[in-house]
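> The file below is run07.cif, mmCIF, C-alpha atoms and all ligand atoms:
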data_model
#
loop_
_atom_site.group_PDB
_atom_site.id
_atom_site.type_symbol
_atom_site.label_atom_id
_atom_site.label_comp_id
_atom_site.auth_asym_id
_atom_site.auth_seq_id
_atom_site.Cartn_x
_atom_site.Cartn_y
_atom_site.Cartn_z
ATOM 1 C CA MET M 1 135.030 145.631 105.360
ATOM 2 C CA ARG M 2 135.693 142.690 102.962
ATOM 3 C CA LEU M 3 132.015 142.524 101.898
ATOM 4 C CA TYR M 4 131.976 146.293 101.438
ATOM 5 C CA ASP M 5 135.219 146.420 99.378
ATOM 6 C CA GLY M 6 134.480 143.297 97.323
ATOM 7 C CA CYS M 7 130.766 143.679 96.526
ATOM 8 C CA ILE M 8 129.279 146.995 97.569
ATOM 9 C CA LEU M 9 132.100 149.391 96.667
ATOM 10 C CA PRO M 10 132.454 148.281 92.993
ATOM 11 C CA ARG M 11 128.697 148.819 92.452
ATOM 12 C CA LEU M 12 128.759 152.143 94.272
ATOM 13 C CA THR M 13 131.759 153.217 92.169
ATOM 14 C CA ASP M 14 129.982 152.236 88.964
ATOM 15 C CA LEU M 15 126.852 154.173 90.004
ATOM 16 C CA ALA M 16 128.686 157.254 91.241
ATOM 17 C CA MET M 17 130.891 157.446 88.157
ATOM 18 C CA ARG M 18 127.829 157.455 85.862
ATOM 19 C CA LEU M 19 126.814 160.917 87.074
ATOM 20 C CA ARG M 20 125.800 163.142 84.165
ATOM 21 C CA ILE M 21 127.987 165.980 85.374
ATOM 22 C CA LEU M 22 131.094 163.849 84.706
ATOM 23 C CA GLN M 23 130.209 163.103 81.101
ATOM 24 C CA ASP M 24 131.362 166.410 79.716
ATOM 25 C CA PHE M 25 134.815 165.772 81.243
ATOM 26 C CA ARG M 26 134.898 162.282 79.743
ATOM 27 C CA GLN M 27 133.966 163.702 76.328
ATOM 28 C CA ARG M 28 136.634 166.432 76.451
ATOM 29 C CA THR M 29 139.367 164.030 77.561
ATOM 30 C CA LEU M 30 138.658 160.900 75.544
ATOM 31 C CA SER M 31 137.939 162.573 72.229
ATOM 32 C CA ARG M 32 141.643 163.551 72.142
ATOM 33 C CA ALA M 33 142.958 159.990 72.592
ATOM 34 C CA GLU M 34 144.645 158.482 69.540
ATOM 35 C CA GLY M 35 146.708 155.492 68.391
ATOM 36 C CA ALA M 36 147.559 152.853 70.968
ATOM 37 C CA VAL M 37 145.952 154.044 74.200
ATOM 38 C CA LEU M 38 146.596 153.057 77.814
ATOM 39 C CA GLU M 39 143.803 153.832 80.266
ATOM 40 C CA LEU M 40 144.822 153.710 83.931
ATOM 41 C CA GLY M 41 142.033 152.670 86.309
ATOM 42 C CA PHE M 42 139.623 151.514 83.593
ATOM 43 C CA GLY M 43 136.990 150.784 86.272
ATOM 44 C CA SER M 44 133.679 149.537 84.849
ATOM 45 C CA GLY M 45 134.550 150.814 81.359
ATOM 46 C CA LEU M 46 132.451 153.986 81.486
ATOM 47 C CA ASN M 47 134.897 155.806 79.219
ATOM 48 C CA LEU M 48 134.532 153.349 76.334
ATOM 49 C CA PRO M 49 131.626 155.051 74.518
ATOM 50 C CA PHE M 50 133.543 158.351 74.478
ATOM 51 C CA TYR M 51 136.562 157.142 72.478
ATOM 52 C CA ASN M 52 136.662 157.988 68.790
ATOM 53 C CA PRO M 53 136.987 154.577 67.059
ATOM 54 C CA ARG M 54 138.466 156.234 63.967
ATOM 55 C CA ARG M 55 141.399 157.575 66.001
ATOM 56 C CA VAL M 56 142.045 154.748 68.458
ATOM 57 C CA SER M 57 143.850 151.677 67.091
ATOM 58 C CA ARG M 58 143.732 149.668 70.334
ATOM 59 C CA LEU M 59 143.108 150.164 74.026
ATOM 60 C CA PHE M 60 145.018 148.708 76.954
ATOM 61 C CA ALA M 61 142.488 148.776 79.787
ATOM 62 C CA LEU M 62 144.445 148.631 83.040
ATOM 63 C CA GLU M 63 142.389 147.908 86.145
ATOM 64 C CA PRO M 64 143.271 145.891 89.280
ATOM 65 C CA ALA M 65 139.709 145.276 90.549
ATOM 66 C CA ALA M 66 138.182 142.060 89.171
ATOM 67 C CA ALA M 67 134.681 143.103 90.291
ATOM 68 C CA LEU M 68 134.835 146.327 88.233
ATOM 69 C CA LEU M 69 136.164 144.448 85.209
ATOM 70 C CA ARG M 70 133.174 142.091 85.439
ATOM 71 C CA LEU M 71 130.875 145.109 85.283
ATOM 72 C CA ALA M 72 132.819 146.333 82.225
ATOM 73 C CA GLN M 73 132.406 143.124 80.180
ATOM 74 C CA GLU M 74 129.386 144.190 78.149
ATOM 75 C CA ARG M 75 130.916 147.555 77.256
ATOM 76 C CA ILE M 76 134.164 145.861 76.211
ATOM 77 C CA GLN M 77 132.266 143.535 73.880
ATOM 78 C CA GLU M 78 130.544 146.493 72.244
ATOM 79 C CA ALA M 79 133.803 148.421 71.642
ATOM 80 C CA ARG M 80 134.638 149.148 67.999
ATOM 81 C CA PHE M 81 138.406 148.698 68.471
ATOM 82 C CA PRO M 82 140.458 145.945 70.162
ATOM 83 C CA VAL M 83 140.499 146.158 73.965
ATOM 84 C CA GLU M 84 143.160 144.297 75.928
ATOM 85 C CA VAL M 85 142.517 144.102 79.659
ATOM 86 C CA LEU M 86 145.548 144.346 81.953
ATOM 87 C CA GLN M 87 144.348 143.257 85.381
ATOM 88 C CA THR M 88 146.997 144.859 87.528
ATOM 89 C CA GLY M 89 147.916 148.078 89.317
ATOM 90 C CA ALA M 90 149.515 150.950 87.422
ATOM 91 C CA GLU M 91 152.614 150.750 89.622
ATOM 92 C CA ARG M 92 153.914 147.993 87.305
ATOM 93 C CA ILE M 93 152.592 148.244 83.784
ATOM 94 C CA PRO M 94 153.158 145.077 81.712
ATOM 95 C CA LEU M 95 153.959 146.941 78.480
ATOM 96 C CA PRO M 96 157.302 147.667 76.759
ATOM 97 C CA ASP M 97 159.024 151.063 76.886
ATOM 98 C CA HIS M 98 157.622 153.715 74.542
ATOM 99 C CA SER M 99 154.786 151.548 73.293
ATOM 100 C CA VAL M 100 151.695 153.765 73.635
ATOM 101 C CA ASP M 101 150.702 157.006 71.918
ATOM 102 C CA THR M 102 148.237 158.169 74.548
ATOM 103 C CA ALA M 103 148.004 157.428 78.256
ATOM 104 C CA LEU M 104 145.056 158.735 80.204
ATOM 105 C CA CYS M 105 143.110 158.537 83.398
ATOM 106 C CA THR M 106 139.832 159.850 84.744
ATOM 107 C CA TRP M 107 139.298 160.103 88.535
ATOM 108 C CA THR M 108 142.052 157.568 89.209
ATOM 109 C CA LEU M 109 145.239 159.353 90.370
ATOM 110 C CA CYS M 110 143.396 160.031 93.644
ATOM 111 C CA THR M 111 143.127 156.289 94.313
ATOM 112 C CA ILE M 112 146.325 154.590 93.140
ATOM 113 C CA PRO M 113 148.258 153.699 96.325
ATOM 114 C CA ASN M 114 151.743 154.484 94.951
ATOM 115 C CA VAL M 115 150.821 157.201 92.499
ATOM 116 C CA GLU M 116 154.437 158.362 91.957
ATOM 117 C CA ALA M 117 155.470 154.863 90.820
ATOM 118 C CA ALA M 118 152.406 154.687 88.562
ATOM 119 C CA LEU M 119 153.308 157.966 86.845
ATOM 120 C CA ASP M 120 156.934 156.866 86.408
ATOM 121 C CA GLU M 121 155.688 153.709 84.763
ATOM 122 C CA THR M 122 153.284 155.655 82.575
ATOM 123 C CA ARG M 123 156.119 157.860 81.430
ATOM 124 C CA ARG M 124 158.200 154.779 80.619
ATOM 125 C CA VAL M 125 155.548 153.209 78.374
ATOM 126 C CA LEU M 126 154.550 156.470 76.690
ATOM 127 C CA LYS M 127 156.288 157.348 73.421
ATOM 128 C CA PRO M 128 158.490 160.482 73.652
ATOM 129 C CA ASN M 129 155.995 162.341 71.442
ATOM 130 C CA GLY M 130 152.967 160.808 73.194
ATOM 131 C CA ARG M 131 150.465 162.626 75.376
ATOM 132 C CA PHE M 132 148.990 162.076 78.823
ATOM 133 C CA LEU M 133 145.354 163.165 79.137
ATOM 134 C CA PHE M 134 143.647 163.567 82.473
ATOM 135 C CA ALA M 135 140.383 164.512 84.161
ATOM 136 C CA GLU M 136 140.989 164.211 87.887
ATOM 137 C CA HIS M 137 139.686 165.688 91.098
ATOM 138 C CA GLY M 138 142.152 166.925 93.675
ATOM 139 C CA ARG M 139 143.566 169.506 96.018
ATOM 140 C CA SER M 140 141.873 172.876 95.912
ATOM 141 C CA ASP M 141 143.910 176.017 95.248
ATOM 142 C CA GLU M 142 141.966 177.684 98.097
ATOM 143 C CA PRO M 143 144.014 177.126 101.286
ATOM 144 C CA GLY M 144 140.893 176.907 103.487
ATOM 145 C CA ILE M 145 139.342 174.165 101.351
ATOM 146 C CA ALA M 146 142.684 172.350 101.055
ATOM 147 C CA ARG M 147 142.897 172.238 104.862
ATOM 148 C CA TRP M 148 139.460 170.596 104.949
ATOM 149 C CA GLN M 149 140.604 168.124 102.316
ATOM 150 C CA ASP M 150 143.566 167.199 104.539
ATOM 151 C CA ARG M 151 141.237 166.709 107.514
ATOM 152 C CA LEU M 152 138.633 164.660 105.615
ATOM 153 C CA THR M 153 140.954 162.405 103.602
ATOM 154 C CA PRO M 154 141.816 159.808 106.321
ATOM 155 C CA ALA M 155 138.132 158.984 106.912
ATOM 156 C CA TRP M 156 137.036 159.473 103.292
ATOM 157 C CA LYS M 157 139.578 157.084 101.830
ATOM 158 C CA ARG M 158 138.387 154.222 104.061
ATOM 159 C CA PHE M 159 134.944 154.320 102.452
ATOM 160 C CA ALA M 160 135.886 155.525 98.975
ATOM 161 C CA GLY M 161 138.279 152.749 97.960
ATOM 162 C CA GLY M 162 141.463 154.610 98.937
ATOM 163 C CA CYS M 163 140.512 157.905 97.241
ATOM 164 C CA HIS M 164 142.510 160.931 98.468
ATOM 165 C CA LEU M 165 140.835 164.332 98.357
ATOM 166 C CA ASN M 166 144.079 166.212 98.809
ATOM 167 C CA ARG M 167 146.356 165.024 95.996
ATOM 168 C CA ASN M 168 147.480 167.584 93.462
ATOM 169 C CA PRO M 169 147.528 165.972 89.989
ATOM 170 C CA GLU M 170 149.385 168.919 88.455
ATOM 171 C CA SER M 171 152.278 168.703 90.948
ATOM 172 C CA LEU M 172 152.342 164.907 90.693
ATOM 173 C CA LEU M 173 152.659 165.076 86.907
ATOM 174 C CA LYS M 174 155.397 167.684 87.031
ATOM 175 C CA GLY M 175 157.242 165.672 89.686
ATOM 176 C CA ALA M 176 157.095 162.584 87.474
ATOM 177 C CA GLY M 177 158.746 164.374 84.549
ATOM 178 C CA PHE M 178 155.778 165.637 82.555
ATOM 179 C CA ASP M 179 155.278 169.113 81.151
ATOM 180 C CA VAL M 180 151.689 170.167 81.749
ATOM 181 C CA GLU M 181 150.781 171.741 78.407
ATOM 182 C CA GLN M 182 147.218 172.638 79.169
ATOM 183 C CA ILE M 183 145.118 172.578 82.327
ATOM 184 C CA ASP M 184 141.702 173.829 83.458
ATOM 185 C CA LYS M 185 140.760 173.857 87.120
ATOM 186 C CA THR M 186 137.235 174.317 88.352
ATOM 187 C CA TYR M 187 134.716 173.247 90.973
ATOM 188 C CA ILE M 188 131.909 171.107 89.597
ATOM 189 C CA GLY M 189 129.684 170.946 92.652
ATOM 190 C CA TRP M 190 128.663 172.801 95.782
ATOM 191 C CA PHE M 191 130.687 170.603 98.160
ATOM 192 C CA LYS M 192 134.084 172.024 97.366
ATOM 193 C CA PRO M 193 136.348 169.427 99.068
ATOM 194 C CA ILE M 194 135.369 166.654 96.643
ATOM 195 C CA THR M 195 134.617 168.593 93.471
ATOM 196 C CA TYR M 196 137.769 170.459 92.472
ATOM 197 C CA MET M 197 138.661 169.231 88.966
ATOM 198 C CA TYR M 198 141.928 169.257 87.028
ATOM 199 C CA VAL M 199 141.431 168.620 83.306
ATOM 200 C CA GLY M 200 144.170 168.779 80.708
ATOM 201 C CA ARG M 201 147.069 167.391 78.778
ATOM 202 C CA ALA M 202 150.730 166.705 79.570
ATOM 203 C CA ALA M 203 153.774 165.612 77.571
ATOM 204 C CA PRO M 204 156.747 163.561 78.778
ATOM 205 C CA ARG M 205 159.714 165.847 79.402
ATOM 206 C CA ALA M 206 163.028 164.674 77.935
ATOM 207 C CA ARG M 207 165.606 164.332 80.696
ATOM 208 C CA PHE M 208 168.592 166.195 79.408
ATOM 209 C CA ALA M 209 171.942 166.175 81.150
ATOM 210 C CA THR M 210 173.586 169.027 79.372
ATOM 211 C CA TRP M 211 176.662 171.148 79.755
ATOM 212 C CA VAL M 212 176.963 174.119 77.473
ATOM 213 C CA PRO M 213 178.765 177.436 77.443
ATOM 214 C CA GLU M 214 176.686 180.019 79.300
ATOM 215 C CA SER M 215 175.722 181.870 76.097
ATOM 216 C CA ASP M 216 174.279 178.763 74.420
ATOM 217 C CA ALA M 217 172.301 177.386 77.339
ATOM 218 C CA SER M 218 168.902 178.453 76.083
ATOM 219 C CA ALA M 219 169.552 177.074 72.579
ATOM 220 C CA ALA M 220 170.395 173.656 74.022
ATOM 221 C CA CYS M 221 167.275 173.608 76.179
ATOM 222 C CA MET M 222 165.114 174.374 73.172
ATOM 223 C CA ARG M 223 166.148 171.211 71.327
ATOM 224 C CA PRO M 224 162.925 169.213 70.810
ATOM 225 C CA ALA M 225 162.434 166.304 73.200
ATOM 226 C CA GLY M 226 163.166 162.820 71.919
ATOM 227 C CA THR M 227 165.004 163.911 68.764
ATOM 228 C CA SER M 228 168.414 162.668 69.772
ATOM 229 C CA ARG M 229 169.596 159.951 72.119
ATOM 230 C CA ARG M 230 173.109 161.195 72.529
ATOM 231 C CA PHE M 231 175.537 163.365 70.691
ATOM 232 C CA HIS M 232 178.686 165.351 71.156
ATOM 233 C CA THR M 233 179.260 168.273 68.919
ATOM 234 C CA ARG M 234 181.379 171.393 68.619
ATOM 235 C CA LEU M 235 179.632 174.691 68.932
ATOM 236 C CA PRO M 236 180.272 177.390 66.315
ATOM 237 C CA GLY M 237 181.626 179.844 68.900
ATOM 238 C CA GLY M 238 184.073 177.295 70.392
ATOM 239 C CA GLY M 239 183.463 174.880 73.278
ATOM 240 C CA SER M 240 181.579 171.636 72.954
ATOM 241 C CA LEU M 241 178.125 170.425 73.698
ATOM 242 C CA ALA M 242 177.343 167.039 75.195
ATOM 243 C CA LEU M 243 173.692 166.183 75.160
ATOM 244 C CA CYS M 244 171.979 163.063 76.421
ATOM 245 C CA ASN M 245 168.352 162.237 76.553
ATOM 246 C CA TRP M 246 168.577 160.118 79.700
ATOM 247 C CA GLY M 247 164.945 159.087 79.438
ATOM 248 C CA ASN M 248 165.587 157.064 76.290
ATOM 249 C CA LEU M 249 168.659 155.193 77.459
ATOM 250 C CA PRO M 250 168.704 151.853 79.248
ATOM 251 C CA CYS M 251 170.121 152.087 82.807
ATOM 252 C CA ARG M 252 173.294 150.156 82.008
ATOM 253 C CA ILE M 253 174.297 152.615 79.282
ATOM 254 C CA ARG M 254 173.241 155.569 81.408
ATOM 255 C CA ARG M 255 175.608 154.546 84.187
ATOM 256 C CA SER M 256 178.583 154.040 81.885
ATOM 257 C CA LEU M 257 178.145 157.307 80.009
ATOM 258 C CA ARG M 258 180.442 160.167 80.851
ATOM 259 C CA VAL M 259 179.451 163.636 79.816
ATOM 260 C CA ARG M 260 182.287 166.129 80.177
ATOM 261 C CA PRO M 261 181.520 169.787 80.720
ATOM 262 C CA PRO M 262 183.408 172.213 78.493
ATOM 263 C CA ARG M 263 185.531 174.802 80.250
ATOM 264 C CA ASN M 264 183.455 177.858 81.313
ATOM 265 C CA GLY M 265 180.310 175.789 80.920
ATOM 266 C CA ARG M 266 177.436 175.379 83.303
ATOM 267 C CA GLN M 267 175.188 172.440 83.882
ATOM 268 C CA VAL M 268 171.564 172.691 82.885
ATOM 269 C CA ALA M 269 169.592 170.603 85.367
ATOM 270 C CA PRO M 270 167.938 167.545 83.813
HETATM 271 C C1 LIG V 301 136.880 156.434 91.075
HETATM 272 S S1 LIG V 301 137.325 155.037 90.150
HETATM 273 C C2 LIG V 301 137.392 155.679 88.495
HETATM 274 C C3 LIG V 301 137.100 154.641 87.466
HETATM 275 C C4 LIG V 301 137.147 155.117 85.997
HETATM 276 N N1 LIG V 301 138.417 155.687 85.670
HETATM 277 C C5 LIG V 301 136.048 156.073 85.672
HETATM 278 O O1 LIG V 301 136.317 157.196 85.253
HETATM 279 O O2 LIG V 301 134.879 155.697 85.807
HETATM 280 C C6 LIG V 301 139.059 154.794 90.559
HETATM 281 C C7 LIG V 301 139.669 153.610 89.848
HETATM 282 O O3 LIG V 301 141.053 153.475 90.183
HETATM 283 C C8 LIG V 301 141.314 152.086 90.251
HETATM 284 N N2 LIG V 301 142.584 151.791 90.938
HETATM 285 C C9 LIG V 301 142.800 151.553 92.252
HETATM 286 N N3 LIG V 301 144.078 151.231 92.469
HETATM 287 C C10 LIG V 301 144.691 151.276 91.274
HETATM 288 C C11 LIG V 301 146.036 151.027 90.844
HETATM 289 N N4 LIG V 301 146.985 150.673 91.697
HETATM 290 N N5 LIG V 301 146.313 151.150 89.538
HETATM 291 C C12 LIG V 301 145.346 151.517 88.651
HETATM 292 N N6 LIG V 301 144.066 151.758 89.001
HETATM 293 C C13 LIG V 301 143.745 151.635 90.289
HETATM 294 C C14 LIG V 301 140.098 151.549 90.972
HETATM 295 O O4 LIG V 301 139.983 150.146 90.934
HETATM 296 C C15 LIG V 301 138.997 152.278 90.231
HETATM 297 O O5 LIG V 301 138.634 151.619 89.064
#
Please express what this file holds, its structure, as structure tokens.
Ligand SMILES: C[S@@+](CC[C@H](N)C(=O)[O-])C[C@H]1O[C@@H](n2cnc3c(N)ncnc32)[C@H](O)[C@@H]1O


Amino acid sequence: MRLYDGCILPRLTDLAMRLRILQDFRQRTLSRAEGAVLELGFGSGLNLPFYNPRRVSRLFALEPAAALLRLAQERIQEARFPVEVLQTGAERIPLPDHSVDTALCTWTLCTIPNVEAALDETRRVLKPNGRFLFAEHGRSDEPGIARWQDRLTPAWKRFAGGCHLNRNPESLLKGAGFDVEQIDKTYIGWFKPITYMYVGRAAPRARFATWVPESDASAACMRPAGTSRRFHTRLPGGGSLALCNWGNLPCRIRRSLRVRPPRNGRQVAP
């Protein structure tokens, strides 16, 4: 298996991921990337020609597999913006908090071993007003096909570099604290278990811990994400509002903060 994983699989991945049918998804996803961009699972760099060099200021190309990065070298040299390779898994991203404008991945969430940790990390490094773009295959919405995906995944992932057929990118993103703003789901081939695509855009959700009088609950929830780290204020109709954006606060401060509910208030789940 070592020969297969080290030599054959990277070349097979590079070949398979060049399929023409995937290019339209690359185009749709990458043309929306802007500013400082983090690409998870950069692979052999097949996305590079699809970035708009006028919109991208720099690219952090995160990829753990040395063999795939070797295949990417030529494309990296041809890039018209700076590319910094991060040779590591997405479970620990060596970038500061809130440092990228766009994070994205194409056909990668299926493969990352600890995908929940990777999405938590992505959310940490993404700016509060940043966007997560994705083109991923995953679990079908048809129960019959999903059952086949569950059956096939144990064998499939042994030969496909750890790829799961049955992960649901939409649920994973929501579970990691993203709001999925736009999503298209469609089959792109006749063999349904491996061709169900999820393509779209998500935004990091601010984690509010909020107590407000019943009547003002919806107003508090509508406050735009990332606009305020913490404030206490009196509401016009009496009572007080304590609002924290937990996502922006370091753990030490988070633990020491006390948010007191006003009388007759109810908690709005973060
Ligand atoms: C099917 S390939 C897709 C490659 C590339 N995104 C593309 O569209 O051509 C899956 C990629 O996920 C990468 N990968 C595996 N484990 C990973 C991890 N822990 N963190 C980030 N990427 C990982 C693989 O090395 C591989 O490059």

> Counting all atoms listed in the file, which residue out of M:Ala65, M:Leu152, M:Val125, M:Arg205 sits closest to Gly6 in chain M?

M:Ala65

> Applying 12 Å and only C-alpha atoms, which residues near Ser140 in chain M remain after dropping the ones on its own chain fewer than 3 positions away? List them as a PyMOL selection string.

chain M and resi 136-137+143-150+165-170+185-188+191-198

> Given the PyMOL selection byres (((chain M and resi 86) around 6) and not hetatm) and the file above, list the residues it selects as a JSON list (two decimals) with C-alpha atoms, in the coordinates of the input.


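Contents of result19.json, freshly written:
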[["chain", "number", "residue", "atom", "x", "y", "z"],
["M", 61, "ALA", "CA", 142.49, 148.78, 79.79],
["M", 62, "LEU", "CA", 144.44, 148.63, 83.04],
["M", 85, "VAL", "CA", 142.52, 144.10, 79.66],
["M", 87, "GLN", "CA", 144.35, 143.26, 85.38],
["M", 88, "THR", "CA", 147.00, 144.86, 87.53]]

> Residues picked by the PyMOL selection byres (((not hetatm)) within 7 of (chain V and resi 301)) here, as JSON, numbers by chain?

{"M": [13, 14, 17, 40, 41, 42, 43, 44, 45, 46, 47, 62, 63, 64, 65, 68, 88, 89, 90, 91, 105, 106, 107, 108, 111, 112, 113, 114]}

> Under the PyMOL selection byres (((chain M and resi 32) around 12) and not hetatm), which residues of this model are included? Write them out as a count of residues only.

29

> Just how far from CA of Ala203 in chain M is CA of Leu69 in chain M, in Å to one decimal?

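Separation of CA of Leu69 in chain M and CA of Ala203 in chain M: 28.6 Å.
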
> Find the distance between CA of Glu78 in chain M and CA of Leu48 in chain M and write it in Å to one decimal.

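Between CA of Glu78 in chain M and CA of Leu48 in chain M the gap works out to 8.9 Å.
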